[in-house]
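Next up, entry_34.txt (compact mmCIF, C-alpha atoms):
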```txt
# COMPACT_ATOMS: atom_id res chain seq x y z
CA GLY A 21 100.11 93.69 127.27
CA MET A 22 97.19 95.57 128.72
CA VAL A 23 93.78 96.55 127.40
CA GLU A 24 93.74 100.36 127.47
CA LYS A 25 90.45 100.94 125.69
CA ILE A 26 87.85 99.12 123.62
CA LEU A 27 87.27 100.54 120.16
CA PRO A 28 83.94 100.39 118.31
CA ARG A 29 83.47 97.21 116.29
CA ARG A 30 82.61 98.03 112.67
CA ASN A 31 82.48 94.46 111.42
CA ARG A 32 83.41 90.94 112.44
CA PHE A 33 83.76 87.52 110.87
CA ILE A 34 83.64 84.05 112.39
CA ARG A 35 85.73 82.41 109.66
CA PRO A 36 88.19 83.97 109.21
CA ALA A 37 88.17 85.17 112.82
CA VAL A 38 88.86 88.86 112.25
CA ALA A 39 87.20 92.20 112.97
CA ASN A 40 87.33 95.86 111.96
CA ILE A 41 88.88 95.18 108.57
CA ASP A 42 88.80 97.61 105.66
CA ALA A 43 88.83 94.91 102.98
CA LEU A 44 88.89 91.14 102.60
CA VAL A 45 91.41 89.70 100.14
CA VAL A 46 90.16 86.33 98.91
CA PHE A 47 92.83 84.12 97.34
CA ALA A 48 91.97 81.60 94.65
CA ALA A 49 93.72 79.52 92.01
CA ASN A 50 92.77 77.46 89.00
CA VAL A 51 95.40 74.82 89.59
CA ASN A 52 96.59 72.69 92.51
CA PRO A 53 94.39 73.40 94.37
CA VAL A 54 91.52 74.44 92.12
CA THR A 55 89.24 76.88 93.93
CA GLU A 56 85.54 76.15 93.60
CA PRO A 57 83.68 79.37 92.70
CA PHE A 58 81.14 78.61 95.44
CA LEU A 59 83.88 79.05 98.06
CA ILE A 60 84.64 82.50 96.69
CA ASP A 61 80.97 83.41 96.46
CA ARG A 62 80.14 82.33 100.00
CA VAL A 63 83.01 84.31 101.53
CA ALA A 64 82.24 87.29 99.29
CA ALA A 65 78.55 87.18 100.25
CA ILE A 66 79.40 87.25 103.97
CA ALA A 67 81.71 90.22 103.33
CA GLY A 68 79.04 91.92 101.22
CA ASP A 69 76.50 91.49 104.01
CA ARG A 70 78.90 93.42 106.27
CA GLU A 71 79.61 96.03 103.58
CA VAL A 72 83.28 95.02 103.47
CA PRO A 73 84.93 95.35 100.01
CA VAL A 74 86.35 92.17 98.51
CA ILE A 75 89.54 91.91 96.47
CA LEU A 76 90.00 88.65 94.59
CA CYS A 77 93.64 87.64 94.12
CA VAL A 78 93.93 84.79 91.63
CA ASN A 79 97.32 83.25 92.39
CA LYS A 80 99.49 80.69 90.53
CA CYS A 81 98.72 82.29 87.17
CA ASP A 82 102.17 81.20 85.99
CA LEU A 83 100.78 77.64 86.04
CA ASP A 84 97.24 78.43 84.86
CA PRO A 85 96.08 81.93 83.82
CA ALA A 86 92.56 81.22 85.14
CA VAL A 87 91.03 83.22 82.29
CA ASP A 88 87.42 82.18 82.97
CA LEU A 89 87.68 82.70 86.73
CA ILE A 90 89.10 86.19 86.29
CA ARG A 91 86.48 87.06 83.65
CA ILE A 92 83.59 85.93 85.87
CA TYR A 93 84.56 88.08 88.83
CA ARG A 94 85.59 91.13 86.86
CA HIS A 95 82.22 90.92 85.13
CA ALA A 96 80.58 90.67 88.57
CA GLY A 97 82.25 93.94 89.57
CA PHE A 98 85.03 92.70 91.86
CA SER A 99 88.58 94.05 91.98
CA VAL A 100 90.55 91.11 90.56
CA ILE A 101 94.32 90.67 90.52
CA GLN A 102 96.02 88.16 88.23
CA ALA A 103 98.99 87.11 90.32
CA SER A 104 101.83 84.69 90.88
CA ALA A 105 103.86 84.56 94.07
CA GLU A 106 106.41 82.55 92.08
CA THR A 107 107.08 85.19 89.41
CA GLY A 108 106.02 88.31 91.31
CA GLU A 109 103.17 89.07 88.93
CA GLY A 110 100.46 91.15 90.60
CA VAL A 111 102.42 91.77 93.81
CA GLU A 112 102.74 95.54 93.33
CA GLU A 113 99.12 95.81 92.19
CA LEU A 114 98.03 94.09 95.39
CA ARG A 115 100.33 96.30 97.47
CA ASP A 116 98.72 99.40 95.94
CA LEU A 117 95.18 98.15 96.61
CA ILE A 118 95.80 97.41 100.29
CA ARG A 119 98.09 100.32 101.11
CA GLY A 120 97.05 102.14 104.28
CA LYS A 121 94.37 99.58 105.12
CA LEU A 122 93.77 96.78 107.58
CA VAL A 123 92.95 93.73 105.45
CA ALA A 124 92.59 89.99 105.97
CA PHE A 125 93.91 87.32 103.62
CA THR A 126 91.63 84.29 103.28
CA GLY A 127 91.14 81.38 100.90
CA ASN A 128 91.42 77.64 100.62
CA SER A 129 94.51 75.86 101.91
CA GLY A 130 97.51 75.79 99.62
CA VAL A 131 96.41 78.67 97.43
CA GLY A 132 99.39 80.81 98.39
CA LYS A 133 98.35 83.40 100.98
CA SER A 134 101.57 83.12 103.01
CA SER A 135 103.67 82.98 99.84
CA MET A 136 102.14 86.25 98.68
CA LEU A 137 102.78 87.81 102.10
CA ASN A 138 106.42 86.80 101.76
CA CYS A 139 106.49 88.61 98.40
CA LEU A 140 104.99 91.72 99.96
CA CYS A 141 107.43 91.60 102.87
CA PRO A 142 110.36 89.14 102.39
CA ASP A 143 111.62 89.75 105.93
CA LEU A 144 108.63 87.81 107.28
CA ALA A 145 109.97 84.49 105.90
CA LEU A 146 106.66 82.76 106.67
CA PRO A 147 106.58 78.97 106.30
CA THR A 148 104.77 77.70 103.21
CA GLY A 149 103.57 74.19 102.47
CA GLU A 150 103.47 71.89 99.51
CA VAL A 151 100.17 70.99 97.86
CA SER A 152 99.30 67.31 97.61
CA GLU A 153 99.26 66.29 93.95
CA LYS A 154 97.00 63.36 94.80
CA LEU A 155 94.45 65.20 96.92
CA GLY A 156 94.77 68.59 95.22
CA ARG A 157 94.76 70.52 98.47
CA GLY A 158 97.32 72.10 100.74
CA ARG A 159 98.29 71.63 104.33
CA HIS A 160 97.48 74.25 106.96
CA THR A 161 100.81 76.05 107.39
CA THR A 162 99.01 79.02 108.99
CA ARG A 163 97.31 77.72 112.15
CA HIS A 164 96.08 80.93 113.75
CA VAL A 165 95.27 84.50 112.77
CA GLN A 166 98.34 86.72 112.91
CA LEU A 167 98.55 90.44 112.16
CA PHE A 168 101.55 91.75 110.21
CA ASP A 169 102.65 95.35 109.84
CA LEU A 170 103.76 95.94 106.24
CA GLY A 171 104.53 99.63 106.75
CA GLU A 172 102.82 102.66 105.21
CA GLY A 173 99.88 102.08 107.54
CA THR A 174 99.18 98.66 105.97
CA TYR A 175 98.29 95.73 108.19
CA VAL A 176 97.55 92.20 106.96
CA ALA A 177 95.85 89.49 108.99
CA ASP A 178 97.01 86.13 107.67
CA THR A 179 94.41 83.47 108.43
CA PRO A 180 94.31 79.66 108.31
CA GLY A 181 93.20 78.20 105.00
CA PHE A 182 89.96 76.29 104.68
CA SER A 183 88.56 73.45 102.61
CA SER A 184 85.16 73.00 101.00
CA PHE A 185 84.07 71.14 104.14
CA ASP A 186 84.87 74.13 106.33
CA THR A 187 82.25 76.31 104.66
CA ASP A 188 79.66 74.65 106.90
CA GLN A 189 81.30 76.50 109.81
CA MET A 190 80.81 79.88 108.15
CA GLU A 191 77.97 82.24 108.85
CA VAL A 192 74.69 81.66 107.04
CA LEU A 193 73.01 84.82 105.84
CA LEU A 194 69.30 85.35 106.23
CA LYS A 195 67.58 84.50 102.97
CA GLU A 196 65.90 87.92 102.95
CA ASN A 197 69.32 89.63 103.01
CA LEU A 198 71.14 87.32 100.63
CA GLN A 199 70.24 89.13 97.41
CA TYR A 200 71.85 92.34 98.72
CA ALA A 201 75.14 90.50 99.35
CA PHE A 202 75.56 89.92 95.60
CA PRO A 203 76.59 93.31 94.15
CA ASP A 204 76.04 92.11 90.58
CA PHE A 205 72.33 91.62 91.43
CA ALA A 206 71.93 95.27 92.51
CA PRO A 207 70.89 96.78 89.12
CA TYR A 208 67.97 94.33 88.88
CA LEU A 209 66.59 94.41 92.42
CA GLY A 210 63.21 96.08 92.53
CA GLU A 211 62.61 95.34 88.85
CA CYS A 212 60.90 91.98 89.38
CA GLN A 213 57.13 91.54 89.09
CA PHE A 214 56.85 90.67 92.79
CA HIS A 215 58.42 92.91 95.43
CA ASP A 216 59.33 89.88 97.58
CA CYS A 217 60.78 87.90 94.67
CA SER A 218 63.30 85.26 95.79
CA HIS A 219 64.73 85.08 92.24
CA ARG A 220 64.26 81.33 92.08
CA ALA A 221 61.03 80.40 90.27
CA GLU A 222 58.79 83.47 90.24
CA PRO A 223 57.57 84.76 86.84
CA ASN A 224 59.04 87.93 85.35
CA CYS A 225 62.09 87.89 87.59
CA ALA A 226 64.61 90.52 86.50
CA VAL A 227 67.54 88.68 88.12
CA ARG A 228 66.81 85.42 86.28
CA ALA A 229 66.35 87.35 83.05
CA ALA A 230 69.78 88.91 83.58
CA VAL A 231 71.27 85.44 84.09
CA GLU A 232 69.66 84.20 80.88
CA SER A 233 70.97 87.20 78.94
CA GLY A 234 74.48 86.75 80.37
CA ASP A 235 74.47 90.01 82.33
CA ILE A 236 74.82 87.97 85.55
CA GLU A 237 77.24 85.05 85.51
CA LYS A 238 75.51 81.69 85.88
CA THR A 239 78.04 80.42 88.44
CA ARG A 240 77.22 83.42 90.62
CA TYR A 241 73.50 82.70 90.37
CA ASP A 242 74.07 79.00 91.10
CA SER A 243 75.94 80.00 94.27
CA TYR A 244 73.04 82.26 95.25
CA LEU A 245 70.64 79.31 94.92
CA ARG A 246 72.89 77.09 97.08
CA LEU A 247 73.19 79.77 99.74
CA TYR A 248 69.44 80.44 99.65
CA GLU A 249 68.78 76.75 100.24
CA LYS A 250 71.11 76.78 103.27
CA ALA A 251 69.47 79.94 104.57
CA SER A 252 66.03 78.39 104.19
CA GLN A 253 67.01 75.65 106.64
CA ILE A 254 67.64 78.13 109.47
CA LYS A 255 65.01 78.00 112.20
CA GLN A 256 63.99 81.27 113.83
CA TRP A 257 64.87 79.94 117.30
CA GLU A 258 68.44 79.34 116.10
CA LEU A 259 68.87 83.07 115.51
CA LYS A 260 68.17 84.00 119.14
```

With the file now loaded, output its structure as structure tokens.
Amino acid sequence: GMVEKILPRRNRFIRPAVANIDALVVFAANVNPVTEPFLIDRVAAIAGDREVPVILCVNKCDLDPAVDLIRIYRHAGFSVIQASAETGEGVEELRDLIRGKLVAFTGNSGVGKSSMLNCLCPDLALPTGEVSEKLGRGRHTTRHVQLFDLGEGTYVADTPGFSSFDTDQMEVLLKENLQYAFPDFAPYLGECQFHDCSHRAEPNCAVRAAVESGDIEKTRYDSYLRLYEKASQIKQWELK
């Protein structure tokens, strides 16, 4: 192959290592392995910071319908698909959402990204791995980023799965920008008593009031606090 030209870069991610995507499809499950909401929120915040839409595909719903997980993210404004690569549930809905786009599949190991790709395009026959019943996590059957042409102008980048430990390798957003990476916070930004409110302990905070009233999911707010703490540890010299 030869490089003929270099196209403008609209967005890029370190983990998963992709660029110029139209949407990020985050896979999760509520059973073997159980996806921690913080993993979803951290990936979604990074995507939100880059203005990349997020689609949440909750897989293995034949084993556990993940009612609370689906409710949380639909309430937060995400496109959420209830799916099962085993039964085919949600496959056509996902196909419709990604049609004509370049998207990346990401999520924790063993959650079924490659299995869902096989459902979307059986000719791929991608290898899939078993999930350890003892450890509750999968093996890395996808070891590098690979781009697949699904036809109709649809391209999917399948990426290696990650564990909760791998989130330390992901980008850390600036604390000043973090609030804008949570779309469910948007209606309340600018409504706080202080214009530079961090939404942690300040009085008359509209975001915290929305959490208390149930308008913002508490797990989402808890993830914001964890990410804010990580962002607070960044030294200015590290950004240069």

| request: Just the residues within 9 Å of Leu193 (chain A), please, counting all atoms listed in the file, with nothing from its chain fewer than 2 positions along; format it as an NGL selection string. | output: :A and (65-66 or 69 or 191 or 195-198 or 201 or 247-248 or 250-251)

| note | Val54 (chain A) proximity check over A:Pro73, A:Asn128, A:Ser99, A:Val87, using all atoms listed in the file: winner is A:Asn128

| query | Using all atoms listed in the file, which residue out of A:Leu137, A:Phe125, A:Phe202, A:Ala105 lies closest to Val165 (chain A)? | reply |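 Looking at the shortest contact to Val165 (chain A), the residue is A:Phe125.
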
| message | Restricting the calculation to all atoms listed in the file: of A:Tyr244, A:Ala48, A:Leu144, A:Gly68, which residue gets closest to Val176 (chain A)? | response | A:Leu144

| query | Quick one, how far is CA of Leu114 (chain A) from CA of Arg70 (chain A)? | reply | 22.0 Å

| Counting all atoms listed in the file, the option among A:Ala226, A:Ala221, A:Cys81, A:Val23 closest to Tyr208 (chain A) |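 Answer, going by the shortest atom-to-atom distance: A:Ala226.
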
| Given the choices A:Glu71, A:Pro53, A:Thr148, A:Asp216, which gets closest to Asp84 (chain A) if the distance is worked out from only C-alpha atoms? | A:Pro53

| request: For each of A:Asn50, A:Glu113, A:Glu24, A:Arg94, take the minimum atom-to-atom distance to Asp82 (chain A), counting all atoms listed in the file, then give the residue where this is smallest. | output: A:Asn50

Excluding Pro223 (chain A) and its own-chain neighbours fewer than 2 positions away, which residues fall within 9 Å of it when counting only C-alpha atoms? Please give them as a PDB file with C-alpha atoms, in the coordinates of the input.
```
ATOM      1  CA  CYS A 212      60.900  91.980  89.380  1.00  0.00           C
ATOM      2  CA  GLN A 213      57.130  91.540  89.090  1.00  0.00           C
ATOM      3  CA  PHE A 214      56.850  90.670  92.790  1.00  0.00           C
ATOM      4  CA  HIS A 219      64.730  85.080  92.240  1.00  0.00           C
ATOM      5  CA  ALA A 221      61.030  80.400  90.270  1.00  0.00           C
ATOM      6  CA  CYS A 225      62.090  87.890  87.590  1.00  0.00           C
TER       7      CYS A 225
END
```

| Could you pull the residues within 8 Å of Val131 (chain A), counting only C-alpha atoms, minus those fewer than 3 positions along the same chain, as a PyMOL selection string? | chain A and resi 47-49+52-53+79-80+127-128+158

| query | So what do you get for CA of Val51 (chain A) versus CA of Glu106 (chain A), distance-wise? | reply |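 A separation of 13.7 Å between them.
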
| query | Mind pulling up the distance from CA of Ser243 (chain A) to CA of Ala86 (chain A)? | reply |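 Separation between CA of Ala86 (chain A) and CA of Ser243 (chain A): 19.0 Å.
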
| message | Quick one: residues within 10 Å of Tyr241 (chain A), all atoms listed in the file, excluding same-chain residues fewer than 3 positions away - as a ChimeraX atom specification? | response | /A:61,202,204-205,219-220,227-228,230-231,236-238,244-247

Excluding Glu112 (chain A) and any residue of its chain fewer than 3 positions from it, enumerate the residues within 12 Å of it, using all atoms listed in the file, and give them as a PDB file with C-alpha atoms, in the frame of the given file.
```pdb
ATOM      1  CA  ILE A 101      94.320  90.670  90.520  1.00  0.00           C
ATOM      2  CA  GLN A 102      96.020  88.160  88.230  1.00  0.00           C
ATOM      3  CA  ALA A 103      98.990  87.110  90.320  1.00  0.00           C
ATOM      4  CA  SER A 104     101.830  84.690  90.880  1.00  0.00           C
ATOM      5  CA  ALA A 105     103.860  84.560  94.070  1.00  0.00           C
ATOM      6  CA  THR A 107     107.080  85.190  89.410  1.00  0.00           C
ATOM      7  CA  GLY A 108     106.020  88.310  91.310  1.00  0.00           C
ATOM      8  CA  GLU A 109     103.170  89.070  88.930  1.00  0.00           C
ATOM      9  CA  ARG A 115     100.330  96.300  97.470  1.00  0.00           C
ATOM     10  CA  ASP A 116      98.720  99.400  95.940  1.00  0.00           C
ATOM     11  CA  LEU A 117      95.180  98.150  96.610  1.00  0.00           C
ATOM     12  CA  ILE A 118      95.800  97.410 100.290  1.00  0.00           C
ATOM     13  CA  ARG A 119      98.090 100.320 101.110  1.00  0.00           C
ATOM     14  CA  MET A 136     102.140  86.250  98.680  1.00  0.00           C
ATOM     15  CA  LEU A 137     102.780  87.810 102.100  1.00  0.00           C
ATOM     16  CA  CYS A 139     106.490  88.610  98.400  1.00  0.00           C
ATOM     17  CA  LEU A 140     104.990  91.720  99.960  1.00  0.00           C
ATOM     18  CA  CYS A 141     107.430  91.600 102.870  1.00  0.00           C
TER      19      CYS A 141
END
```

Because some atoms of region 36-47 of chain A are absent here, can you restore N, CA and C atoms and send them as a compact mmCIF listing (two decimals), in the coordinates of the input?
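Just written: out-v7.txt:
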```txt
# COMPACT_ATOMS: atom_id res chain seq x y z
N PRO A 36 87.10 83.89 108.25
CA PRO A 36 88.19 83.97 109.21
C PRO A 36 87.82 84.80 110.44
N ALA A 37 88.48 84.51 111.56
CA ALA A 37 88.17 85.17 112.82
C ALA A 37 88.89 86.51 112.89
N VAL A 38 88.28 87.53 112.28
CA VAL A 38 88.86 88.86 112.25
C VAL A 38 87.76 89.89 112.48
N ALA A 39 88.17 91.12 112.75
CA ALA A 39 87.20 92.20 112.97
C ALA A 39 87.81 93.52 112.55
N ASN A 40 86.92 94.49 112.29
CA ASN A 40 87.33 95.86 111.96
C ASN A 40 88.27 95.94 110.77
N ILE A 41 88.03 95.14 109.75
CA ILE A 41 88.88 95.18 108.57
C ILE A 41 88.31 96.14 107.54
N ASP A 42 89.20 96.69 106.71
CA ASP A 42 88.80 97.61 105.66
C ASP A 42 88.50 96.88 104.36
N ALA A 43 89.06 95.70 104.18
CA ALA A 43 88.83 94.91 102.98
C ALA A 43 89.19 93.46 103.25
N LEU A 44 88.59 92.57 102.50
CA LEU A 44 88.89 91.14 102.60
C LEU A 44 89.51 90.71 101.28
N VAL A 45 90.73 90.18 101.34
CA VAL A 45 91.41 89.70 100.14
C VAL A 45 91.21 88.18 100.06
N VAL A 46 90.45 87.76 99.08
CA VAL A 46 90.16 86.33 98.91
C VAL A 46 91.12 85.77 97.87
N PHE A 47 91.87 84.75 98.26
CA PHE A 47 92.83 84.12 97.34
C PHE A 47 92.19 82.91 96.68
```
